[in-house]
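Chemist: Just one file: coords_37.csv, with CSV, C-alpha atoms.
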chain,number,residue,atom,x,y,z
A,27,MET,CA,3.5,-8.0,11.0
A,28,HIS,CA,5.1,-4.9,9.5
A,29,GLU,CA,6.4,-4.1,13.0
A,30,SER,CA,9.7,-6.0,12.3
A,31,ALA,CA,10.4,-4.0,9.1
A,32,ILE,CA,9.6,-0.8,10.9
A,33,ALA,CA,11.7,-1.7,14.0
A,34,GLN,CA,14.7,-2.5,11.7
A,35,ASN,CA,14.4,0.9,10.0
A,36,LEU,CA,14.2,2.7,13.3
A,37,VAL,CA,17.3,0.9,14.7
A,38,ASP,CA,19.3,1.5,11.5
A,39,MET,CA,18.3,5.2,11.3
A,40,ALA,CA,19.0,5.8,15.1
A,41,ALA,CA,22.4,4.1,14.8
A,42,SER,CA,23.4,6.2,11.8
A,43,SER,CA,22.3,9.4,13.4
A,44,ALA,CA,24.3,8.6,16.5
A,45,ARG,CA,27.4,7.8,14.5
A,46,ALA,CA,27.0,11.1,12.5
A,47,HIS,CA,27.2,12.9,15.9
A,48,GLY,CA,30.2,11.0,17.1
A,49,ALA,CA,28.1,9.0,19.7
A,50,SER,CA,28.4,5.3,20.1
A,51,ARG,CA,25.5,4.4,22.3
A,52,VAL,CA,21.8,5.2,21.9
A,53,THR,CA,19.8,5.3,25.1
A,54,CYS,CA,16.4,6.4,23.8
A,55,VAL,CA,14.6,6.4,20.4
A,56,ARG,CA,11.5,8.6,20.0
A,57,CYS,CA,9.0,8.0,17.2
A,58,ARG,CA,5.6,9.3,16.1
A,59,VAL,CA,3.0,6.9,14.8
A,60,GLY,CA,-0.4,7.6,13.3
A,61,THR,CA,-3.2,5.3,14.4
A,62,MET,CA,-3.9,4.4,10.8
A,63,ARG,CA,-0.5,2.6,10.6
A,64,GLN,CA,-2.1,0.0,12.9
A,65,LEU,CA,1.2,-0.8,14.6
A,66,ASP,CA,0.9,-3.0,17.6
A,67,GLU,CA,3.0,-1.2,20.2
A,68,ALA,CA,3.9,-4.3,22.2
A,69,MET,CA,5.0,-6.1,19.0
A,70,LEU,CA,7.0,-3.1,17.9
A,71,ARG,CA,8.8,-3.0,21.2
A,72,ASP,CA,9.6,-6.8,21.0
A,73,ALA,CA,10.9,-6.4,17.5
A,74,PHE,CA,12.9,-3.3,18.4
A,75,GLU,CA,14.6,-5.1,21.3
A,76,LEU,CA,15.4,-8.0,19.1
A,77,VAL,CA,16.9,-6.1,16.1
A,78,ALA,CA,18.8,-3.7,18.4
A,79,GLN,CA,20.7,-6.5,20.0
A,80,GLY,CA,24.5,-6.3,19.6
A,81,GLY,CA,24.4,-2.8,18.1
A,82,PRO,CA,24.5,0.8,19.4
A,83,CYS,CA,20.7,0.7,20.1
A,84,ALA,CA,20.9,-2.3,22.4
A,85,ASN,CA,18.9,-1.7,25.6
A,86,ALA,CA,17.7,1.7,24.3
A,87,THR,CA,14.1,2.6,25.4
A,88,LEU,CA,11.6,3.2,22.6
A,89,ALA,CA,9.1,6.1,23.1
A,90,VAL,CA,6.1,5.9,20.9
A,91,GLU,CA,3.7,8.9,20.5
A,92,GLN,CA,0.4,7.8,18.9
A,93,LEU,CA,-1.4,10.4,16.7
A,94,PRO,CA,-5.0,10.1,15.7
A,95,LEU,CA,-6.7,10.6,12.4
A,96,ARG,CA,-8.0,14.2,12.5
A,97,ALA,CA,-11.6,15.2,11.6
A,98,ALA,CA,-13.5,18.5,11.6
A,99,CYS,CA,-17.3,18.8,12.2
A,100,VAL,CA,-19.0,20.3,9.2
A,101,HIS,CA,-21.8,21.6,11.4
A,102,CYS,CA,-20.2,23.2,14.4
A,103,GLY,CA,-16.6,23.5,13.1
A,104,VAL,CA,-15.0,21.6,16.0
A,105,GLN,CA,-11.8,19.7,15.2
A,106,TYR,CA,-11.3,16.3,16.9
A,107,GLY,CA,-9.3,13.1,16.7
A,108,VAL,CA,-11.0,10.0,15.3
A,109,GLU,CA,-10.1,7.0,17.5
A,110,GLY,CA,-11.6,3.6,17.4
A,111,TRP,CA,-13.6,4.7,14.4
A,112,GLN,CA,-15.7,7.0,16.5
A,113,TRP,CA,-16.6,9.4,13.8
A,114,ALA,CA,-19.2,11.5,15.6
A,115,CYS,CA,-18.4,15.1,16.6
A,116,PRO,CA,-17.9,15.2,20.4
A,117,VAL,CA,-20.0,18.4,20.6
A,118,CYS,CA,-23.0,17.9,18.4
A,119,GLY,CA,-22.8,14.2,17.7
A,120,ARG,CA,-23.0,14.5,13.9
A,121,ILE,CA,-20.4,13.0,11.5
A,122,GLY,CA,-17.5,15.1,10.6
A,123,ALA,CA,-15.1,15.1,7.5
A,124,VAL,CA,-11.6,13.7,7.5
A,125,GLU,CA,-9.0,16.4,7.7
A,126,GLY,CA,-5.9,14.2,7.5
A,127,GLY,CA,-3.2,12.8,9.8
A,128,GLY,CA,-3.2,9.4,11.3
A,129,ASP,CA,-0.6,8.2,8.7
A,130,GLU,CA,2.5,9.6,10.5
A,131,LEU,CA,5.5,7.3,10.8
A,132,GLU,CA,8.6,9.3,11.8
A,133,LEU,CA,11.7,9.0,13.9
A,134,VAL,CA,11.7,12.2,15.9
A,135,SER,CA,14.8,12.2,18.0
A,136,ILE,CA,17.3,10.1,19.9
A,137,ASP,CA,19.3,10.4,23.1
A,138,ALA,CA,22.8,9.2,22.6
A,139,GLU,CA,26.1,9.0,24.6
A,140,VAL,CA,29.7,9.0,23.8
A,141,GLU,CA,31.2,6.0,25.6
A,142,PRO,CA,34.4,6.7,27.5
B,9,MET,CA,22.9,14.3,24.3
B,10,ASN,CA,19.6,14.7,22.5
B,11,ILE,CA,19.8,14.6,18.8
B,12,PRO,CA,16.7,15.8,16.8
B,13,VAL,CA,16.3,13.6,13.7
B,14,VAL,CA,12.8,13.9,12.2
B,15,ARG,CA,13.0,11.4,9.3
B,16,LYS,CA,10.4,9.2,7.8
B,17,VAL,CA,10.8,5.7,9.2
B,18,LEU,CA,10.1,4.1,5.7
B,19,GLU,CA,12.4,6.5,3.9
B,20,LYS,CA,14.5,3.7,2.5
B,21,ASN,CA,11.4,2.2,0.9
B,22,ASP,CA,10.2,5.6,-0.2
B,23,SER,CA,13.4,6.4,-2.0
B,24,ALA,CA,13.3,3.0,-3.8
B,25,ALA,CA,9.6,3.8,-4.7
B,26,ALA,CA,10.8,7.2,-6.1
B,27,GLU,CA,13.3,5.3,-8.3
B,28,ASN,CA,10.6,3.0,-9.5
B,29,ARG,CA,8.4,6.0,-10.4
B,30,ALA,CA,11.3,7.5,-12.5
B,31,MET,CA,11.9,4.1,-14.1
B,32,PHE,CA,8.1,3.8,-14.9
B,33,GLU,CA,8.3,7.2,-16.5
B,34,ARG,CA,11.4,6.3,-18.6
B,35,ARG,CA,9.8,3.1,-19.8
B,36,GLY,CA,6.4,4.5,-20.3
B,37,ILE,CA,4.7,2.1,-17.8
B,38,THR,CA,1.6,2.7,-15.8
B,39,CYS,CA,1.6,0.7,-12.6
B,40,ILE,CA,-1.4,-0.3,-10.5
B,41,ASN,CA,-1.0,-1.9,-7.1
B,42,LEU,CA,-3.7,-4.4,-6.3
B,43,LEU,CA,-4.3,-4.9,-2.6
B,44,GLY,CA,-6.7,-6.7,-0.3
B,45,GLY,CA,-7.0,-9.5,2.2
B,46,ALA,CA,-6.3,-13.2,1.5
B,47,GLY,CA,-9.1,-14.7,-0.6
B,48,CYS,CA,-10.8,-11.5,-1.5
B,49,GLY,CA,-10.5,-12.3,-5.2
B,50,LYS,CA,-7.5,-10.4,-6.5
B,51,THR,CA,-6.2,-13.2,-8.7
B,52,SER,CA,-9.7,-14.0,-10.0
B,53,LEU,CA,-10.2,-10.3,-10.8
B,54,LEU,CA,-6.9,-10.4,-12.8
B,55,GLU,CA,-8.0,-13.5,-14.6
B,56,ALA,CA,-11.2,-11.8,-15.6
B,57,LEU,CA,-9.6,-8.5,-16.6
B,58,LEU,CA,-6.6,-9.8,-18.5
B,59,PRO,CA,-8.4,-11.3,-21.5
B,60,ARG,CA,-10.1,-7.9,-21.9
B,61,LEU,CA,-7.0,-5.8,-21.4
B,62,LYS,CA,-4.3,-7.8,-23.2
B,63,ASP,CA,-5.7,-7.2,-26.7
B,64,ARG,CA,-5.7,-3.4,-26.2
B,65,LEU,CA,-2.6,-2.9,-24.1
B,66,ARG,CA,0.8,-4.6,-23.5
B,67,VAL,CA,0.2,-5.9,-20.0
B,68,ALA,CA,2.5,-7.6,-17.5
B,69,VAL,CA,1.8,-8.9,-14.0
B,70,LEU,CA,3.9,-9.2,-10.8
B,71,GLU,CA,2.5,-11.7,-8.4
B,72,GLY,CA,3.4,-11.2,-4.7
B,73,ASP,CA,3.0,-14.2,-2.4
B,74,LEU,CA,4.5,-15.6,0.7
B,75,ALA,CA,5.0,-19.0,-0.9
B,76,THR,CA,4.1,-21.1,-4.0
B,77,THR,CA,3.9,-20.1,-7.7
B,78,ARG,CA,0.2,-21.0,-8.1
B,79,ASP,CA,-1.0,-17.5,-8.8
B,80,ALA,CA,1.7,-16.9,-11.4
B,81,GLU,CA,0.8,-20.1,-13.1
B,82,ARG,CA,-2.9,-18.9,-13.3
B,83,ILE,CA,-1.7,-15.7,-15.0
B,84,ALA,CA,0.8,-17.5,-17.3
B,85,ALA,CA,-2.0,-19.7,-18.5
B,86,LEU,CA,-3.5,-16.5,-20.0
B,87,ARG,CA,-0.3,-15.9,-22.0
B,88,VAL,CA,0.5,-12.7,-20.1
B,89,PRO,CA,4.1,-12.1,-19.0
B,90,VAL,CA,4.3,-12.6,-15.2
B,91,VAL,CA,7.0,-12.7,-12.6
B,92,GLN,CA,6.3,-14.4,-9.2
B,93,LEU,CA,7.7,-12.5,-6.2
B,94,LEU,CA,8.1,-14.7,-3.2
B,95,THR,CA,8.5,-12.8,0.1
B,96,GLU,CA,9.4,-16.0,2.0
B,97,GLY,CA,7.2,-15.2,5.0
B,98,GLY,CA,7.3,-11.4,4.5
B,99,CYS,CA,3.8,-10.0,4.8
B,100,HIS,CA,4.0,-7.3,2.1
B,101,LEU,CA,5.8,-6.3,-1.1
B,102,THR,CA,8.4,-3.5,-0.9
B,103,ALA,CA,9.6,-1.2,-3.7
B,104,ALA,CA,12.8,-3.2,-3.8
B,105,HIS,CA,10.8,-6.4,-4.8
B,106,VAL,CA,9.4,-4.5,-7.8
B,107,GLN,CA,12.8,-3.1,-8.7
B,108,ARG,CA,14.3,-6.5,-8.9
B,109,ALA,CA,11.4,-8.0,-10.9
B,110,MET,CA,11.5,-5.1,-13.4
B,111,SER,CA,15.1,-5.9,-14.4
B,112,GLN,CA,14.0,-9.4,-15.5
B,113,VAL,CA,13.8,-9.9,-19.3
B,114,GLU,CA,10.5,-11.9,-19.2
B,115,ILE,CA,8.6,-8.8,-18.1
B,116,GLY,CA,9.2,-7.3,-21.5
B,117,GLN,CA,8.1,-3.7,-22.3
B,118,PRO,CA,4.6,-3.4,-20.8
B,119,GLU,CA,2.5,-0.3,-21.0
B,120,LEU,CA,0.5,-1.5,-18.0
B,121,LEU,CA,2.0,-3.3,-15.0
B,122,LEU,CA,-0.5,-4.9,-12.6
B,123,VAL,CA,1.1,-5.8,-9.2
B,124,GLU,CA,-0.8,-8.2,-7.0
B,125,ASN,CA,0.3,-7.6,-3.5
B,126,VAL,CA,0.5,-10.2,-0.7
B,127,GLY,CA,-3.0,-11.0,0.5
B,128,ASN,CA,-3.1,-8.9,3.7
B,129,PRO,CA,-5.3,-5.8,4.5
B,130,VAL,CA,-2.8,-4.2,6.9
B,131,CYS,CA,0.9,-4.3,6.1
B,132,PRO,CA,1.0,-3.8,2.3
B,133,ALA,CA,-0.8,-0.4,2.7
B,134,ASN,CA,2.3,0.9,4.4
B,135,PHE,CA,4.7,0.3,1.6
B,136,ASP,CA,4.8,2.6,-1.5
B,137,LEU,CA,5.9,0.6,-4.6
B,138,GLY,CA,6.1,3.7,-6.8
B,139,GLU,CA,2.7,2.8,-8.3
B,140,HIS,CA,0.4,5.3,-10.1
B,141,ARG,CA,-2.8,4.0,-8.6
B,142,ARG,CA,-4.0,1.6,-5.8
B,143,LEU,CA,-6.9,-0.7,-6.5
B,144,VAL,CA,-8.3,-2.4,-3.4
B,145,VAL,CA,-10.5,-5.5,-3.5
B,146,LEU,CA,-13.0,-6.2,-0.7
B,147,SER,CA,-15.3,-9.3,-1.0
B,148,SER,CA,-18.8,-9.5,0.5
B,149,ALA,CA,-17.7,-12.7,2.3
B,150,GLU,CA,-15.3,-10.6,4.4
B,151,GLY,CA,-18.1,-8.6,6.0
B,152,ASP,CA,-19.1,-4.9,5.8
B,153,ASP,CA,-17.0,-3.7,8.8
B,154,LYS,CA,-13.7,-3.9,7.0
B,155,VAL,CA,-13.4,-0.3,5.8
B,156,SER,CA,-13.4,0.8,9.4
B,157,LYS,CA,-11.0,-1.9,10.5
B,158,TYR,CA,-8.4,-1.1,7.8
B,159,PRO,CA,-8.6,2.6,7.3
B,160,LEU,CA,-5.0,3.1,5.8
B,161,LEU,CA,-5.8,0.5,3.1
B,162,PHE,CA,-9.0,2.3,2.0
B,163,ARG,CA,-7.8,5.8,2.5
B,164,GLY,CA,-5.0,5.2,0.1
B,165,ALA,CA,-7.2,3.5,-2.5
B,166,HIS,CA,-8.0,5.2,-5.9
B,167,ALA,CA,-10.7,2.6,-6.7
B,168,VAL,CA,-12.3,-0.1,-4.6
B,169,VAL,CA,-13.8,-3.3,-6.1
B,170,LEU,CA,-16.6,-4.8,-4.0
B,171,SER,CA,-16.2,-8.4,-5.2
B,172,LYS,CA,-18.3,-11.6,-5.0
B,173,SER,CA,-21.6,-9.7,-5.2
B,174,ASP,CA,-23.2,-13.0,-6.1
B,175,LEU,CA,-22.8,-13.9,-2.4
B,176,LEU,CA,-24.8,-10.9,-1.2
B,177,PRO,CA,-28.0,-12.9,-0.6
B,178,TYR,CA,-26.1,-15.2,1.8
B,179,VAL,CA,-23.9,-12.9,3.8
B,180,ASN,CA,-24.2,-9.8,6.0
B,181,PHE,CA,-22.8,-7.1,3.7
B,182,ASP,CA,-24.6,-3.8,3.4
B,183,VAL,CA,-23.2,-2.3,0.2
B,184,GLY,CA,-24.7,1.1,1.1
B,185,ALA,CA,-23.0,1.2,4.5
B,186,VAL,CA,-19.7,0.2,3.0
B,187,ALA,CA,-20.0,2.9,0.4
B,188,ASP,CA,-20.8,5.4,3.2
B,189,ASP,CA,-17.7,4.3,5.2
B,190,LEU,CA,-15.6,4.6,2.1
B,191,ARG,CA,-16.8,8.1,1.1
B,192,ARG,CA,-16.3,9.2,4.7
B,193,ILE,CA,-12.6,8.3,4.8
B,194,ASN,CA,-11.9,8.7,1.1
B,195,PRO,CA,-14.4,11.1,-0.6
B,196,SER,CA,-12.9,10.8,-4.2
B,197,VAL,CA,-12.7,7.0,-4.3
B,198,GLU,CA,-14.3,5.2,-7.2
B,199,ILE,CA,-16.4,2.2,-6.2
B,200,HIS,CA,-17.1,-0.9,-8.5
B,201,GLN,CA,-19.0,-4.1,-7.9
B,202,THR,CA,-18.1,-7.4,-9.5
B,203,ASP,CA,-19.4,-10.9,-9.8
B,204,ILE,CA,-16.7,-12.9,-11.5
B,205,ARG,CA,-18.8,-16.1,-11.7
B,206,HIS,CA,-21.4,-14.4,-13.9
B,207,GLY,CA,-19.0,-12.0,-15.6
B,208,ARG,CA,-20.7,-8.9,-14.1
B,209,GLY,CA,-19.0,-5.5,-13.5
B,210,ILE,CA,-15.7,-6.5,-15.0
B,211,ASP,CA,-15.9,-4.2,-18.1
B,212,ALA,CA,-16.3,-1.2,-15.8
B,213,VAL,CA,-13.1,-2.1,-13.9
B,214,ALA,CA,-11.3,-2.7,-17.2
B,215,ALA,CA,-12.5,0.7,-18.4
B,216,TRP,CA,-11.2,2.4,-15.3
B,217,ILE,CA,-7.8,0.8,-15.8
B,218,GLU,CA,-7.7,1.9,-19.4
B,219,HIS,CA,-8.6,5.4,-18.4
B,220,VAL,CA,-5.8,5.4,-15.8
B,221,VAL,CA,-3.3,4.3,-18.5
B,222,SER,CA,-4.4,7.1,-20.9
B,223,GLU,CA,-4.3,9.6,-18.0
B,224,CYS,CA,-0.7,8.6,-17.1
B,225,ARG,CA,0.2,8.6,-20.8
B,226,ALA,CA,-1.1,12.2,-21.2
B,227,GLN,CA,0.8,13.3,-18.1
B,228,ARG,CA,4.0,11.8,-19.6
B,229,GLY,CA,3.2,13.5,-22.9
B,230,ALA,CA,2.8,16.8,-21.1
B,231,ALA,CA,6.1,16.3,-19.3
B,232,HIS,CA,8.0,15.3,-22.4
B,233,PRO,CA,6.2,16.9,-25.4
B,234,ALA,CA,8.7,15.7,-28.1
B,235,PRO,CA,7.7,12.2,-29.2
B,236,CYS,CA,10.6,9.8,-28.9
B,237,ALA,CA,11.2,6.1,-29.5
B,238,ALA,CA,10.5,3.8,-26.6
B,239,ALA,CA,13.6,3.1,-24.5
B,240,PRO,CA,14.5,-0.5,-24.0
B,241,PRO,CA,14.0,-1.8,-20.5
B,242,GLU,CA,17.1,-1.9,-18.3
B,243,GLY,CA,18.8,-5.3,-18.3
B,244,ASP,CA,17.1,-6.3,-21.6
B,245,ALA,CA,19.7,-7.7,-23.9
B,246,ARG,CA,17.6,-7.5,-27.1
Write out the structure in this file as structure tokens.

Modeler:
Amino acid sequence: MHESAIAQNLVDMAASSARAHGASRVTCVRCRVGTMRQLDEAMLRDAFELVAQGGPCANATLAVEQLPLRAACVHCGVQYGVEGWQWACPVCGRIGAVEGGGDELELVSIDAEVEP
Amino acid sequence: MNIPVVRKVLEKNDSAAAENRAMFERRGITCINLLGGAGCGKTSLLEALLPRLKDRLRVAVLEGDLATTRDAERIAALRVPVVQLLTEGGCHLTAAHVQRAMSQVEIGQPELLLVENVGNPVCPANFDLGEHRRLVVLSSAEGDDKVSKYPLLFRGAHAVVLSKSDLLPYVNFDVGAVADDLRRINPSVEIHQTDIRHGRGIDAVAAWIEHVVSECRAQRGAAHPAPCAAAPPEGDAR
């Protein structure tokens, strides 16, 4: 349910970045989301489409890059992403330690056009 | 044209949270954000803690809810200053909610502010309120798989209260497995167990809270070594 608040922030930030560069129409918004944010991508897209209506981000595509929680194996040193709470090291099968990540929530870049 | 941006999506909330942190420092307030799913026992924990805390500290409570003032009424019955925050359907509290509540006169000049977030294990974990610590409540009735289902909530916790331990004989809740999951995702987390009906485990949680207050007080003392009179809260006409 936090998807709508996040979509609103994305649309506001994309629109203000476009304006700051003299552009009037946003065609693509790229964001990075850690898996721990538990954002439902379909719900985020619906919310984005809805809040973008009537503004510079209307009809813009939303590109979402999902990032995993990172772990490192304490036994063999392998670094791996934890997805679906699969903690075991992919090499030796033992449980690793959390390294970080998975909580990213960033607007990365936008594509924008100056309308004639 | 491609325009690189790289900004945090929740920067608006983050900057309001930073303002709250500065306000808490000015007013000498330690703030604890209480999180957990609906019905995990956050309000009951507060009801058990407040009689122990209110004689030793000036305490105030913010009650976050989608609707009704029932929780605030339960706290007010204990003669503790309380402000009800209604999100009107919103699934989480934001730093702006706390900002608005803290300008209300009835909140007084607390040393300890306990904020009960909206009952929801997902969304509130995303929104920094400017709090000093996060206390997460997980009841045995919810099941022992919840740490893995809501990792952001438990990774951000400073302490976790495993509540309703009186129900353990009747439900599938392996305390050891939950503690393992917690330590895996959050090695430094402090774990408590409570049984409100029989008054068990509450003193330890109260002691943790008092310890947090003195830690924050010591940090403020180190940042501002000269003792000074407490500043009146903003918006307080007294």

Chemist: Using only C-alpha atoms, which residues sit within 6 Å of region 179-194 of chain B once same-chain residues fewer than 4 positions away are excluded, as a ChimeraX atom specification?

Modeler: /B:148,151-152,163

Chemist: One decimal, Å: what's the distance from CA of Phe162 (chain B) over to CA of Arg64 (chain B), could you say?

Modeler: 29.0 Å

Chemist: Quick one: contact table of chain A to chain B, 8 Å max, nearest atom pair and distance in Å to one decimal per residue, counting all atoms listed in the file, chain and number order, as a tab-separated table?

Modeler:
residue	atom	partner	partner_atom	distance
A:Met27	CA	B:Cys99	CA	6.5
A:His28	CA	B:Cys131	CA	5.4
A:Ile32	CA	B:Val17	CA	6.8
A:Asn35	CA	B:Val17	CA	6.1
A:Leu36	CA	B:Val17	CA	6.1
A:Met39	CA	B:Val17	CA	7.8
A:Ser43	CA	B:Val13	CA	7.3
A:Ala44	CA	B:Ile11	CA	7.8
A:Met62	CA	B:Leu160	CA	5.3
A:Arg63	CA	B:Leu160	CA	6.6
A:Gln64	CA	B:Val130	CA	7.4
A:Trp111	CA	B:Ser156	CA	6.3
A:Ala123	CA	B:Arg192	CA	6.6
A:Val124	CA	B:Ile193	CA	6.1
A:Asp129	CA	B:Leu160	CA	7.3
A:Leu131	CA	B:Val17	CA	5.8
A:Glu132	CA	B:Lys16	CA	4.4
A:Leu133	CA	B:Val14	CA	5.3
A:Val134	CA	B:Val14	CA	4.2
A:Ser135	CA	B:Pro12	CA	4.2
A:Ile136	CA	B:Ile11	CA	5.3
A:Asp137	CA	B:Asn10	CA	4.4
A:Ala138	CA	B:Met9	CA	5.4
A:Glu139	CA	B:Met9	CA	6.2

Chemist: So what do you get for CA of Ser222 (chain B) versus CA of Lys172 (chain B), distance-wise?

Modeler: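 For CA of Ser222 (chain B) relative to CA of Lys172 (chain B), the distance reads 28.2 Å.
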
Chemist: Excluding Ala212 (chain B) and any residue of its chain fewer than 5 positions from it, enumerate the residues within 10 Å of it, using only C-alpha atoms, and give them as a list in words.

Modeler: Leu57, His200, Gln201, Thr202, Ile217 and Glu218 of chain B

Chemist: Kindly export the residues of the current selection with C-alpha atoms, as a JSON list (two decimals), keeping the file's coordinate frame.

Modeler:
[["chain", "number", "residue", "atom", "x", "y", "z"],
["B", 57, "LEU", "CA", -9.60, -8.50, -16.60],
["B", 200, "HIS", "CA", -17.10, -0.90, -8.50],
["B", 201, "GLN", "CA", -19.00, -4.10, -7.90],
["B", 202, "THR", "CA", -18.10, -7.40, -9.50],
["B", 217, "ILE", "CA", -7.80, 0.80, -15.80],
["B", 218, "GLU", "CA", -7.70, 1.90, -19.40]]

Chemist: Restore N, CA and C atoms in region 103-125 of chain A and list the result as a short mmCIF file (atom, residue, chain, number, x, y, z; two decimals), in the frame of the given file.

Modeler:
data_model
loop_
_atom_site.label_atom_id
_atom_site.label_comp_id
_atom_site.auth_asym_id
_atom_site.auth_seq_id
_atom_site.Cartn_x
_atom_site.Cartn_y
_atom_site.Cartn_z
N GLY A 103 -17.93 23.00 13.36
CA GLY A 103 -16.60 23.50 13.10
C GLY A 103 -15.52 22.93 14.10
N VAL A 104 -15.92 22.10 15.05
CA VAL A 104 -15.00 21.60 16.00
C VAL A 104 -14.01 20.57 15.36
N GLN A 105 -12.74 20.68 15.72
CA GLN A 105 -11.80 19.70 15.20
C GLN A 105 -11.52 18.67 16.29
N TYR A 106 -11.45 17.41 15.87
CA TYR A 106 -11.30 16.30 16.90
C TYR A 106 -10.53 15.15 16.25
N GLY A 107 -10.02 14.29 17.13
CA GLY A 107 -9.30 13.10 16.70
C GLY A 107 -10.28 11.93 16.58
N VAL A 108 -10.16 11.15 15.49
CA VAL A 108 -11.00 10.00 15.30
C VAL A 108 -10.25 8.77 15.90
N GLU A 109 -10.77 8.20 16.97
CA GLU A 109 -10.10 7.00 17.50
C GLU A 109 -11.14 5.91 17.65
N GLY A 110 -10.70 4.68 17.37
CA GLY A 110 -11.60 3.60 17.40
C GLY A 110 -12.79 3.73 16.49
N TRP A 111 -12.55 4.46 15.40
CA TRP A 111 -13.60 4.70 14.40
C TRP A 111 -14.81 5.37 14.94
N GLN A 112 -14.61 6.21 15.96
CA GLN A 112 -15.70 7.00 16.50
C GLN A 112 -15.77 8.30 15.71
N TRP A 113 -16.62 8.33 14.69
CA TRP A 113 -16.60 9.40 13.80
C TRP A 113 -17.41 10.66 14.27
N ALA A 114 -18.32 10.42 15.22
CA ALA A 114 -19.20 11.50 15.60
C ALA A 114 -18.49 12.65 16.28
N CYS A 115 -18.96 13.85 16.00
CA CYS A 115 -18.40 15.10 16.60
C CYS A 115 -18.67 15.01 18.11
N PRO A 116 -17.66 15.27 18.95
CA PRO A 116 -17.90 15.20 20.40
C PRO A 116 -18.82 16.27 20.93
N VAL A 117 -19.08 17.31 20.14
CA VAL A 117 -20.00 18.40 20.60
C VAL A 117 -21.42 18.15 20.17
N CYS A 118 -21.61 18.01 18.83
CA CYS A 118 -23.00 17.90 18.40
C CYS A 118 -23.42 16.51 17.96
N GLY A 119 -22.45 15.59 17.92
CA GLY A 119 -22.80 14.20 17.70
C GLY A 119 -22.97 13.85 16.18
N ARG A 120 -22.80 14.85 15.31
CA ARG A 120 -23.00 14.50 13.90
C ARG A 120 -21.60 14.14 13.29
N ILE A 121 -21.64 13.52 12.11
CA ILE A 121 -20.40 13.00 11.50
C ILE A 121 -19.61 14.06 10.84
N GLY A 122 -18.33 14.07 11.13
CA GLY A 122 -17.50 15.10 10.60
C GLY A 122 -16.75 14.61 9.30
N ALA A 123 -15.91 15.47 8.75
CA ALA A 123 -15.10 15.10 7.50
C ALA A 123 -13.68 14.93 7.93
N VAL A 124 -13.03 14.00 7.23
CA VAL A 124 -11.60 13.70 7.50
C VAL A 124 -10.76 14.88 7.10
N GLU A 125 -9.88 15.31 8.01
CA GLU A 125 -9.00 16.40 7.70
C GLU A 125 -7.59 15.89 7.31
#
